[in-house]
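Below is entry-v8.pdb, which holds PDB, C-alpha atoms.
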```
ATOM      1  CA  MET A   1      21.386  -8.800 -17.405  1.00  0.00           C
ATOM      2  CA  PRO A   2      19.522  -9.874 -20.568  1.00  0.00           C
ATOM      3  CA  PRO A   3      17.548  -7.129 -22.317  1.00  0.00           C
ATOM      4  CA  ARG A   4      13.994  -6.667 -21.119  1.00  0.00           C
ATOM      5  CA  ARG A   5      11.275  -8.005 -23.367  1.00  0.00           C
ATOM      6  CA  SER A   6       9.226  -5.277 -25.012  1.00  0.00           C
ATOM      7  CA  TYR A   7       5.933  -4.969 -26.802  1.00  0.00           C
ATOM      8  CA  ASP A   8       7.830  -2.846 -29.338  1.00  0.00           C
ATOM      9  CA  GLN A   9       4.889  -0.495 -29.714  1.00  0.00           C
ATOM     10  CA  TYR A  10       5.234   3.281 -29.821  1.00  0.00           C
ATOM     11  CA  CYS A  11       2.586   3.812 -27.150  1.00  0.00           C
ATOM     12  CA  SER A  12       3.049   5.099 -23.596  1.00  0.00           C
ATOM     13  CA  ALA A  13       0.752   2.398 -22.159  1.00  0.00           C
ATOM     14  CA  ALA A  14       2.802  -0.293 -23.883  1.00  0.00           C
ATOM     15  CA  ARG A  15       6.043   1.274 -22.624  1.00  0.00           C
ATOM     16  CA  ALA A  16       4.633   1.348 -19.083  1.00  0.00           C
ATOM     17  CA  LEU A  17       3.694  -2.329 -19.320  1.00  0.00           C
ATOM     18  CA  ASP A  18       7.214  -3.087 -20.538  1.00  0.00           C
ATOM     19  CA  LEU A  19       8.332  -1.894 -17.092  1.00  0.00           C
ATOM     20  CA  VAL A  20       5.596  -2.994 -14.701  1.00  0.00           C
ATOM     21  CA  GLY A  21       3.559  -5.566 -16.593  1.00  0.00           C
ATOM     22  CA  ASP A  22       5.391  -8.608 -15.240  1.00  0.00           C
ATOM     23  CA  ARG A  23       3.686 -10.689 -12.552  1.00  0.00           C
ATOM     24  CA  TRP A  24       4.488  -9.447  -8.988  1.00  0.00           C
ATOM     25  CA  THR A  25       6.057  -6.121  -9.985  1.00  0.00           C
ATOM     26  CA  LEU A  26       3.171  -3.884  -8.919  1.00  0.00           C
ATOM     27  CA  LEU A  27       2.681  -5.881  -5.720  1.00  0.00           C
ATOM     28  CA  ILE A  28       6.333  -5.276  -4.874  1.00  0.00           C
ATOM     29  CA  VAL A  29       5.640  -1.565  -5.383  1.00  0.00           C
ATOM     30  CA  ARG A  30       2.657  -1.892  -3.016  1.00  0.00           C
ATOM     31  CA  GLU A  31       4.953  -3.278  -0.328  1.00  0.00           C
ATOM     32  CA  LEU A  32       7.688  -0.684  -0.883  1.00  0.00           C
ATOM     33  CA  LEU A  33       5.210   2.185  -0.506  1.00  0.00           C
ATOM     34  CA  ALA A  34       5.591   1.362   3.191  1.00  0.00           C
ATOM     35  CA  GLY A  35       9.234   2.453   2.996  1.00  0.00           C
ATOM     36  CA  PRO A  36      12.528   0.557   2.784  1.00  0.00           C
ATOM     37  CA  ARG A  37      12.124  -3.223   3.118  1.00  0.00           C
ATOM     38  CA  ARG A  38      14.558  -6.101   3.448  1.00  0.00           C
ATOM     39  CA  TYR A  39      14.390  -8.943   0.960  1.00  0.00           C
ATOM     40  CA  THR A  40      13.176 -11.301   3.701  1.00  0.00           C
ATOM     41  CA  ASP A  41      10.390  -8.876   4.656  1.00  0.00           C
ATOM     42  CA  LEU A  42       9.245  -8.615   1.053  1.00  0.00           C
ATOM     43  CA  HIS A  43       9.245 -12.376   0.641  1.00  0.00           C
ATOM     44  CA  ALA A  44       7.203 -12.804   3.845  1.00  0.00           C
ATOM     45  CA  ASP A  45       4.562 -10.300   2.727  1.00  0.00           C
ATOM     46  CA  LEU A  46       4.285 -11.613  -0.836  1.00  0.00           C
ATOM     47  CA  PRO A  47       3.027 -15.148  -0.180  1.00  0.00           C
ATOM     48  CA  GLY A  48       3.221 -17.273  -3.301  1.00  0.00           C
ATOM     49  CA  VAL A  49       6.251 -15.638  -4.915  1.00  0.00           C
ATOM     50  CA  SER A  50       9.337 -17.805  -5.306  1.00  0.00           C
ATOM     51  CA  THR A  51      12.729 -16.547  -4.157  1.00  0.00           C
ATOM     52  CA  ASP A  52      14.047 -16.700  -7.723  1.00  0.00           C
ATOM     53  CA  VAL A  53      11.179 -14.678  -9.157  1.00  0.00           C
ATOM     54  CA  LEU A  54      11.364 -12.067  -6.382  1.00  0.00           C
ATOM     55  CA  ALA A  55      15.101 -11.641  -6.867  1.00  0.00           C
ATOM     56  CA  SER A  56      14.625 -11.333 -10.634  1.00  0.00           C
ATOM     57  CA  ARG A  57      11.862  -8.741 -10.316  1.00  0.00           C
ATOM     58  CA  LEU A  58      13.900  -6.659  -7.864  1.00  0.00           C
ATOM     59  CA  LYS A  59      16.871  -6.670 -10.245  1.00  0.00           C
ATOM     60  CA  ASP A  60      14.628  -5.615 -13.130  1.00  0.00           C
ATOM     61  CA  MET A  61      13.067  -2.831 -11.065  1.00  0.00           C
ATOM     62  CA  GLU A  62      16.472  -1.540  -9.980  1.00  0.00           C
ATOM     63  CA  ARG A  63      17.726  -1.598 -13.575  1.00  0.00           C
ATOM     64  CA  ASP A  64      14.623   0.275 -14.754  1.00  0.00           C
ATOM     65  CA  GLY A  65      14.979   3.003 -12.130  1.00  0.00           C
ATOM     66  CA  LEU A  66      11.950   2.029 -10.041  1.00  0.00           C
ATOM     67  CA  THR A  67      13.884   0.946  -6.950  1.00  0.00           C
ATOM     68  CA  THR A  68      17.283   1.307  -5.350  1.00  0.00           C
ATOM     69  CA  ARG A  69      19.184  -1.040  -3.066  1.00  0.00           C
ATOM     70  CA  ARG A  70      21.302   0.281  -0.240  1.00  0.00           C
ATOM     71  CA  ARG A  71      23.104  -1.024   2.801  1.00  0.00           C
ATOM     72  CA  LEU A  72      21.972   0.145   6.218  1.00  0.00           C
ATOM     73  CA  PRO A  73      24.677   1.492   8.532  1.00  0.00           C
ATOM     74  CA  PRO A  74      25.750  -0.526  11.594  1.00  0.00           C
ATOM     75  CA  PRO A  75      24.379  -2.120  13.671  1.00  0.00           C
ATOM     76  CA  GLY A  76      21.903  -3.133  10.920  1.00  0.00           C
ATOM     77  CA  VAL A  77      24.441  -4.118   8.234  1.00  0.00           C
ATOM     78  CA  VAL A  78      21.662  -5.380   5.939  1.00  0.00           C
ATOM     79  CA  TYR A  79      20.481  -4.329   2.507  1.00  0.00           C
ATOM     80  CA  VAL A  80      17.089  -2.768   1.917  1.00  0.00           C
ATOM     81  CA  TYR A  81      15.105  -1.952  -1.191  1.00  0.00           C
ATOM     82  CA  GLU A  82      13.217   1.303  -1.602  1.00  0.00           C
ATOM     83  CA  LEU A  83      11.300   3.134  -4.292  1.00  0.00           C
ATOM     84  CA  THR A  84      12.765   5.932  -6.352  1.00  0.00           C
ATOM     85  CA  TRP A  85      10.660   8.974  -7.259  1.00  0.00           C
ATOM     86  CA  ARG A  86       9.748   7.068 -10.414  1.00  0.00           C
ATOM     87  CA  GLY A  87       8.570   4.077  -8.416  1.00  0.00           C
ATOM     88  CA  ARG A  88       6.604   6.274  -6.000  1.00  0.00           C
ATOM     89  CA  GLY A  89       4.834   7.720  -9.013  1.00  0.00           C
ATOM     90  CA  LEU A  90       3.027   4.381  -9.327  1.00  0.00           C
ATOM     91  CA  LEU A  91       0.884   5.114  -6.243  1.00  0.00           C
ATOM     92  CA  PRO A  92      -2.003   6.632  -8.251  1.00  0.00           C
ATOM     93  CA  VAL A  93      -1.701   3.740 -10.715  1.00  0.00           C
ATOM     94  CA  LEU A  94      -2.128   1.218  -7.896  1.00  0.00           C
ATOM     95  CA  GLN A  95      -4.982   3.252  -6.433  1.00  0.00           C
ATOM     96  CA  ALA A  96      -6.792   3.358  -9.771  1.00  0.00           C
ATOM     97  CA  LEU A  97      -6.180  -0.358 -10.303  1.00  0.00           C
ATOM     98  CA  GLY A  98      -7.487  -1.125  -6.817  1.00  0.00           C
ATOM     99  CA  ALA A  99     -10.615   0.946  -7.373  1.00  0.00           C
ATOM    100  CA  TRP A 100     -11.208  -0.796 -10.710  1.00  0.00           C
ATOM    101  CA  GLY A 101     -10.746  -4.203  -9.091  1.00  0.00           C
ATOM    102  CA  GLU A 102     -13.128  -3.642  -6.161  1.00  0.00           C
ATOM    103  CA  VAL A 103     -16.020  -5.390  -7.895  1.00  0.00           C
ATOM    104  CA  ALA A 104     -13.837  -8.464  -8.525  1.00  0.00           C
ATOM    105  CA  LEU A 105     -12.744  -8.792  -4.905  1.00  0.00           C
ATOM    106  CA  GLY A 106     -15.769 -10.637  -3.562  1.00  0.00           C
ATOM    107  CA  GLU A 107     -15.675 -12.494  -0.268  1.00  0.00           C
ATOM    108  CA  ARG A 108     -12.377 -13.820   1.000  1.00  0.00           C
ATOM    109  CA  ARG A 109     -11.656 -17.347  -0.261  1.00  0.00           C
ATOM    110  CA  PRO A 110     -10.173 -20.040   2.010  1.00  0.00           C
ATOM    111  CA  THR A 111      -6.972 -19.954  -0.039  1.00  0.00           C
ATOM    112  CA  ASP A 112      -6.586 -16.155   0.104  1.00  0.00           C
ATOM    113  CA  ALA A 113      -3.658 -14.814   2.107  1.00  0.00           C
ATOM    114  CA  VAL A 114      -4.221 -11.579   3.996  1.00  0.00           C
ATOM    115  CA  ARG A 115      -2.061  -8.954   5.677  1.00  0.00           C
ATOM    116  CA  ALA A 116      -3.486  -6.094   7.681  1.00  0.00           C
ATOM    117  CA  HIS A 117      -1.480  -3.477   5.757  1.00  0.00           C
ATOM    118  CA  TRP A 118      -3.004  -4.586   2.439  1.00  0.00           C
ATOM    119  CA  PHE A 119      -6.040  -2.590   3.542  1.00  0.00           C
ATOM    120  CA  ALA A 120      -3.917   0.581   3.753  1.00  0.00           C
ATOM    121  CA  LEU A 121      -4.353   1.646   0.128  1.00  0.00           C
ATOM    122  CA  PRO A 122      -8.146   1.029  -0.036  1.00  0.00           C
ATOM    123  CA  LEU A 123      -8.536   2.942   3.243  1.00  0.00           C
ATOM    124  CA  LEU A 124      -6.358   5.746   1.924  1.00  0.00           C
ATOM    125  CA  ARG A 125      -8.625   6.037  -1.121  1.00  0.00           C
ATOM    126  CA  GLY A 126     -11.577   6.471   1.204  1.00  0.00           C
ATOM    127  CA  LEU A 127      -9.840   9.028   3.404  1.00  0.00           C
ATOM    128  CA  GLU A 128      -8.454  11.146   0.576  1.00  0.00           C
ATOM    129  CA  SER A 129     -11.926  12.550  -0.047  1.00  0.00           C
ATOM    130  CA  CYS A 130     -11.596  14.307   3.312  1.00  0.00           C
ATOM    131  CA  GLY A 131     -10.301  17.843   3.194  1.00  0.00           C
ATOM    132  CA  ASN A 132      -7.743  17.300   5.955  1.00  0.00           C
ATOM    133  CA  ALA A 133      -4.396  15.525   5.927  1.00  0.00           C
ATOM    134  CA  GLY A 134      -3.055  13.598   8.856  1.00  0.00           C
ATOM    135  CA  LEU A 135      -1.501  10.477  10.339  1.00  0.00           C
ATOM    136  CA  VAL A 136      -4.036   7.707  10.893  1.00  0.00           C
ATOM    137  CA  GLU A 137      -3.497   4.651  13.088  1.00  0.00           C
ATOM    138  CA  VAL A 138      -5.734   1.700  12.214  1.00  0.00           C
ATOM    139  CA  ARG A 139      -6.600  -1.336  14.320  1.00  0.00           C
ATOM    140  CA  LEU A 140      -8.024  -4.434  12.646  1.00  0.00           C
ATOM    141  CA  GLU A 141      -8.586  -7.977  13.862  1.00  0.00           C
ATOM    142  CA  GLU A 142      -5.679  -9.091  11.663  1.00  0.00           C
ATOM    143  CA  GLY A 143      -3.321  -6.471  13.097  1.00  0.00           C
ATOM    144  CA  GLY A 144      -2.550  -2.778  12.912  1.00  0.00           C
ATOM    145  CA  PHE A 145      -0.978  -0.312  10.527  1.00  0.00           C
ATOM    146  CA  HIS A 146      -0.833   3.427   9.903  1.00  0.00           C
ATOM    147  CA  VAL A 147      -1.369   5.611   6.839  1.00  0.00           C
ATOM    148  CA  ARG A 148      -0.506   9.186   5.982  1.00  0.00           C
ATOM    149  CA  VAL A 149      -3.427  10.967   4.341  1.00  0.00           C
ATOM    150  CA  GLY A 150      -2.212  13.677   1.986  1.00  0.00           C
ATOM    151  CA  ALA A 151       1.373  12.393   2.160  1.00  0.00           C
ATOM    152  CA  VAL A 152       3.797  14.192  -0.118  1.00  0.00           C
ATOM    153  CA  GLY A 153       7.518  13.979  -0.645  1.00  0.00           C
ATOM    154  CA  GLU A 154       9.643  10.916  -0.144  1.00  0.00           C
ATOM    155  CA  GLY A 155       8.322   9.452   3.116  1.00  0.00           C
ATOM    156  CA  PRO A 156       6.390   6.171   3.389  1.00  0.00           C
ATOM    157  CA  VAL A 157       2.695   6.252   2.493  1.00  0.00           C
ATOM    158  CA  TYR A 158       1.855   3.659   5.125  1.00  0.00           C
ATOM    159  CA  GLY A 159       3.536   1.253   7.525  1.00  0.00           C
ATOM    160  CA  ASP A 160       2.949  -1.794   9.678  1.00  0.00           C
ATOM    161  CA  GLY A 161       2.166  -1.462  13.362  1.00  0.00           C
ATOM    162  CA  PRO A 162       1.425   1.604  15.481  1.00  0.00           C
ATOM    163  CA  ALA A 163       2.063   5.101  14.175  1.00  0.00           C
ATOM    164  CA  PRO A 164       5.666   6.272  14.735  1.00  0.00           C
ATOM    165  CA  GLU A 165       4.355   9.406  16.448  1.00  0.00           C
ATOM    166  CA  GLU A 166       1.108  10.548  18.003  1.00  0.00           C
ATOM    167  CA  PRO A 167      -1.526  10.049  15.290  1.00  0.00           C
ATOM    168  CA  ASP A 168      -4.157  12.619  14.394  1.00  0.00           C
ATOM    169  CA  VAL A 169      -6.825   9.931  14.564  1.00  0.00           C
ATOM    170  CA  ARG A 170      -7.160   6.270  15.562  1.00  0.00           C
ATOM    171  CA  LEU A 171      -9.649   4.043  13.752  1.00  0.00           C
ATOM    172  CA  SER A 172     -10.856   0.644  14.983  1.00  0.00           C
ATOM    173  CA  LEU A 173     -12.979  -1.599  12.789  1.00  0.00           C
ATOM    174  CA  SER A 174     -13.756  -5.242  12.142  1.00  0.00           C
ATOM    175  CA  GLY A 175     -12.562  -7.419   9.308  1.00  0.00           C
ATOM    176  CA  GLU A 176     -16.119  -7.474   7.985  1.00  0.00           C
ATOM    177  CA  VAL A 177     -16.233  -3.690   7.746  1.00  0.00           C
ATOM    178  CA  SER A 178     -12.763  -3.408   6.230  1.00  0.00           C
ATOM    179  CA  GLY A 179     -13.781  -5.981   3.628  1.00  0.00           C
ATOM    180  CA  ALA A 180     -16.910  -3.998   2.758  1.00  0.00           C
ATOM    181  CA  ILE A 181     -14.848  -0.819   2.365  1.00  0.00           C
ATOM    182  CA  GLY A 182     -12.255  -2.665   0.282  1.00  0.00           C
ATOM    183  CA  ARG A 183     -14.983  -3.993  -2.037  1.00  0.00           C
ATOM    184  CA  GLY A 184     -16.456  -0.523  -2.453  1.00  0.00           C
ATOM    185  CA  GLU A 185     -19.717  -1.528  -0.747  1.00  0.00           C
ATOM    186  CA  LEU A 186     -19.301   0.937   2.113  1.00  0.00           C
ATOM    187  CA  SER A 187     -17.541   4.287   2.285  1.00  0.00           C
ATOM    188  CA  VAL A 188     -15.389   5.253   5.252  1.00  0.00           C
ATOM    189  CA  ARG A 189     -17.685   8.161   6.040  1.00  0.00           C
ATOM    190  CA  ASP A 190     -20.791   5.950   5.978  1.00  0.00           C
ATOM    191  CA  ALA A 191     -19.085   3.346   8.152  1.00  0.00           C
ATOM    192  CA  VAL A 192     -18.298   6.030  10.746  1.00  0.00           C
ATOM    193  CA  ARG A 193     -21.813   7.460  10.584  1.00  0.00           C
ATOM    194  CA  LEU A 194     -23.296   3.986  11.099  1.00  0.00           C
ATOM    195  CA  GLY A 195     -21.108   3.387  14.119  1.00  0.00           C
ATOM    196  CA  ARG A 196     -19.134   0.606  12.450  1.00  0.00           C
ATOM    197  CA  VAL A 197     -15.806   2.434  12.754  1.00  0.00           C
ATOM    198  CA  GLU A 198     -14.632   3.804  16.097  1.00  0.00           C
ATOM    199  CA  VAL A 199     -12.921   7.196  15.780  1.00  0.00           C
ATOM    200  CA  VAL A 200     -10.598   8.451  18.522  1.00  0.00           C
ATOM    201  CA  GLY A 201      -8.697  11.716  18.342  1.00  0.00           C
ATOM    202  CA  GLU A 202      -9.055  15.474  18.461  1.00  0.00           C
ATOM    203  CA  GLY A 203      -7.296  16.426  15.246  1.00  0.00           C
ATOM    204  CA  ALA A 204      -9.041  18.062  12.309  1.00  0.00           C
ATOM    205  CA  LEU A 205      -9.290  14.769  10.423  1.00  0.00           C
ATOM    206  CA  ALA A 206     -10.865  13.014  13.411  1.00  0.00           C
ATOM    207  CA  LYS A 207     -13.417  15.787  13.840  1.00  0.00           C
ATOM    208  CA  GLU A 208     -14.230  15.738  10.129  1.00  0.00           C
ATOM    209  CA  LEU A 209     -14.875  11.992  10.227  1.00  0.00           C
ATOM    210  CA  ARG A 210     -17.087  12.260  13.302  1.00  0.00           C
ATOM    211  CA  ASP A 211     -19.076  15.062  11.671  1.00  0.00           C
ATOM    212  CA  ALA A 212     -19.555  13.092   8.420  1.00  0.00           C
TER
END
```

Whole structure given in structure tokens:
Amino acid sequence: MPPRRSYDQYCSAARALDLVGDRWTLLIVRELLAGPRRYTDLHADLPGVSTDVLASRLKDMERDGLTTRRRLPPPGVVYVYELTWRGRGLLPVLQALGAWGEVALGERRPTDAVRAHWFALPLLRGLESCGNAGLVEVRLEEGGFHVRVGAVGEGPVYGDGPAPEEPDVRLSLSGEVSGAIGRGELSVRDAVRLGRVEVVGEGALAKELRDA
């Protein structure tokens, strides 16, 4: 592969942007925080990216140690991409970037694509202020997903669809409320207190949210 372009500046921020400053790279990281994904899955959940650009970014990320590519055993016999420890280290970067960008989000435009799991990271930011960790299943009008509050190690931070095991808490909310939380206009705790988020569950995290 050709050498990566560089800012050629002896600065850690510049070095970081050498690796993740290209268009789509951080959004690929966002998708891979859900765990291993096939190329076709990534392309489906990154509307607007061309196949050539996606393939190029994935090659760059693998070369730079952010992702790995491996073949699933039979009967799958397909390749998946997943984050390395270095790639997973970008979670707080994405969270900080998302928090910084809340004021720019505004109302959804007619041309804006949306996926239910794109709300996972904003919701996780809101739930991390709670003192309890746990598995949270979320139901939105656009679909469902699950997040792991206080997740550590190498497992996925979130995933599409129902929780893979009995969750500690189930949250149901409207697209309007999720948008307000995503824009930073409403906290998760306030949304629960105002009755705009339904909380179901008996775990410590569920009880903490209900007592907010």

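By chain and then residue number, the residues within 12 Å of A:Gly195 are Leu171, Ser172, Leu173, Ser174, Val177, Val188, Arg189, Asp190, Ala191, Val192, Arg193, Val197, Glu198, Val199, Leu209, Arg210 and Ala212 of chain A, counting all atoms listed in the file and disregarding those fewer than 2 positions away in sequence.
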
Result set of the PyMOL selection byres ((chain A and resi 150) around 12) on the coordinates above, as a PDB file with C-alpha atoms, keeping the file's coordinate frame:
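Dumped to result.pdb:
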```
ATOM      1  CA  LEU A 124      -6.358   5.746   1.924  1.00  0.00           C
ATOM      2  CA  ARG A 125      -8.625   6.037  -1.121  1.00  0.00           C
ATOM      3  CA  GLY A 126     -11.577   6.471   1.204  1.00  0.00           C
ATOM      4  CA  LEU A 127      -9.840   9.028   3.404  1.00  0.00           C
ATOM      5  CA  GLU A 128      -8.454  11.146   0.576  1.00  0.00           C
ATOM      6  CA  SER A 129     -11.926  12.550  -0.047  1.00  0.00           C
ATOM      7  CA  CYS A 130     -11.596  14.307   3.312  1.00  0.00           C
ATOM      8  CA  GLY A 131     -10.301  17.843   3.194  1.00  0.00           C
ATOM      9  CA  ASN A 132      -7.743  17.300   5.955  1.00  0.00           C
ATOM     10  CA  ALA A 133      -4.396  15.525   5.927  1.00  0.00           C
ATOM     11  CA  GLY A 134      -3.055  13.598   8.856  1.00  0.00           C
ATOM     12  CA  LEU A 135      -1.501  10.477  10.339  1.00  0.00           C
ATOM     13  CA  VAL A 136      -4.036   7.707  10.893  1.00  0.00           C
ATOM     14  CA  VAL A 147      -1.369   5.611   6.839  1.00  0.00           C
ATOM     15  CA  ARG A 148      -0.506   9.186   5.982  1.00  0.00           C
ATOM     16  CA  VAL A 149      -3.427  10.967   4.341  1.00  0.00           C
ATOM     17  CA  ALA A 151       1.373  12.393   2.160  1.00  0.00           C
ATOM     18  CA  VAL A 152       3.797  14.192  -0.118  1.00  0.00           C
ATOM     19  CA  GLY A 153       7.518  13.979  -0.645  1.00  0.00           C
ATOM     20  CA  GLY A 155       8.322   9.452   3.116  1.00  0.00           C
ATOM     21  CA  PRO A 156       6.390   6.171   3.389  1.00  0.00           C
ATOM     22  CA  VAL A 157       2.695   6.252   2.493  1.00  0.00           C
ATOM     23  CA  TYR A 158       1.855   3.659   5.125  1.00  0.00           C
ATOM     24  CA  LEU A 205      -9.290  14.769  10.423  1.00  0.00           C
TER      25      LEU A 205
END
```

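Across the model, the gap from atom CA of A:Leu121 to atom CA of A:Arg30 is 8.5 Å.
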
* Non-local contacts of A:Trp118 (10 Å; only C-alpha atoms; under 6 positions in same chain excluded) as a PyMOL selection string -> chain A and resi 30-31+45+145+158+160+182

* Asked: With distances taken over only C-alpha atoms, which of A:Arg170, A:His117, A:Arg4, A:His43 is nearest to A:Glu137?
  -> A:Arg170

* For each of A:Asp60, A:Glu165, A:Glu176, A:Asp8, take the minimum atom-to-atom distance to A:Glu141, counting all atoms listed in the file, then give the residue where this is smallest. => A:Glu176

* Asked: If the PyMOL selection byres ((chain A and resi 94) around 12) is run on the structure shown, which residues does it catch, given as number ranges by chain?
  -> A: 20, 25-31, 33, 87-93, 95-101, 118, 120-122, 124-125

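Running the PyMOL selection byres ((chain A and resi 78) around 12) on this file leaves Pro36, Arg37, Arg38, Tyr39, Thr40, Asp41, Arg69, Arg70, Arg71, Leu72, Pro73, Pro74, Pro75, Gly76, Val77, Tyr79, Val80 and Tyr81 of chain A selected.
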
* Structure fact -> In Å and to one decimal, atom CA of A:Leu42 is distant from atom CA of A:Ser178 by 23.2 Å

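Distances from A:Glu82, A:Asp22, A:Asp211, A:Glu166 to A:Val53 were compared using all atoms listed in the file, and the smallest one belongs to A:Asp22.
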
* Asked: What separation in Å, quoted to one decimal, exists between atom CA of A:Phe119 and atom CA of A:Leu140?
  -> 9.5 Å

For stretch 34-38 of chain A, I'd like the enclosing box, axis-aligned and padded by 3 Å on every side, reported as AutoDock Vina command-line options with centre and edge lengths in Å to one decimal.
```
--center_x 10.1 --center_y -1.8 --center_z 3.1 --size_x 15.0 --size_y 14.6 --size_z 6.7
```

* Find the residues near A:Arg183: any atom within 8 Å, counting only C-alpha atoms, skip ones fewer than 4 places away on the same chain, and give them as JSON, numbers by chain. => {"A": [102, 103, 104, 105, 106, 179]}

What does the file look like for those residues with C-alpha atoms, as a tab-separated table (two decimals), keeping the file's coordinate frame?
```tsv
chain	number	residue	atom	x	y	z
A	102	GLU	CA	-13.13	-3.64	-6.16
A	103	VAL	CA	-16.02	-5.39	-7.90
A	104	ALA	CA	-13.84	-8.46	-8.52
A	105	LEU	CA	-12.74	-8.79	-4.90
A	106	GLY	CA	-15.77	-10.64	-3.56
A	179	GLY	CA	-13.78	-5.98	3.63
```

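Between A:Val114 and the residues A:Pro167, A:Arg57, A:Gly175, A:Arg86, the shortest atom-to-atom distance, using all atoms listed in the file, involves A:Gly175.
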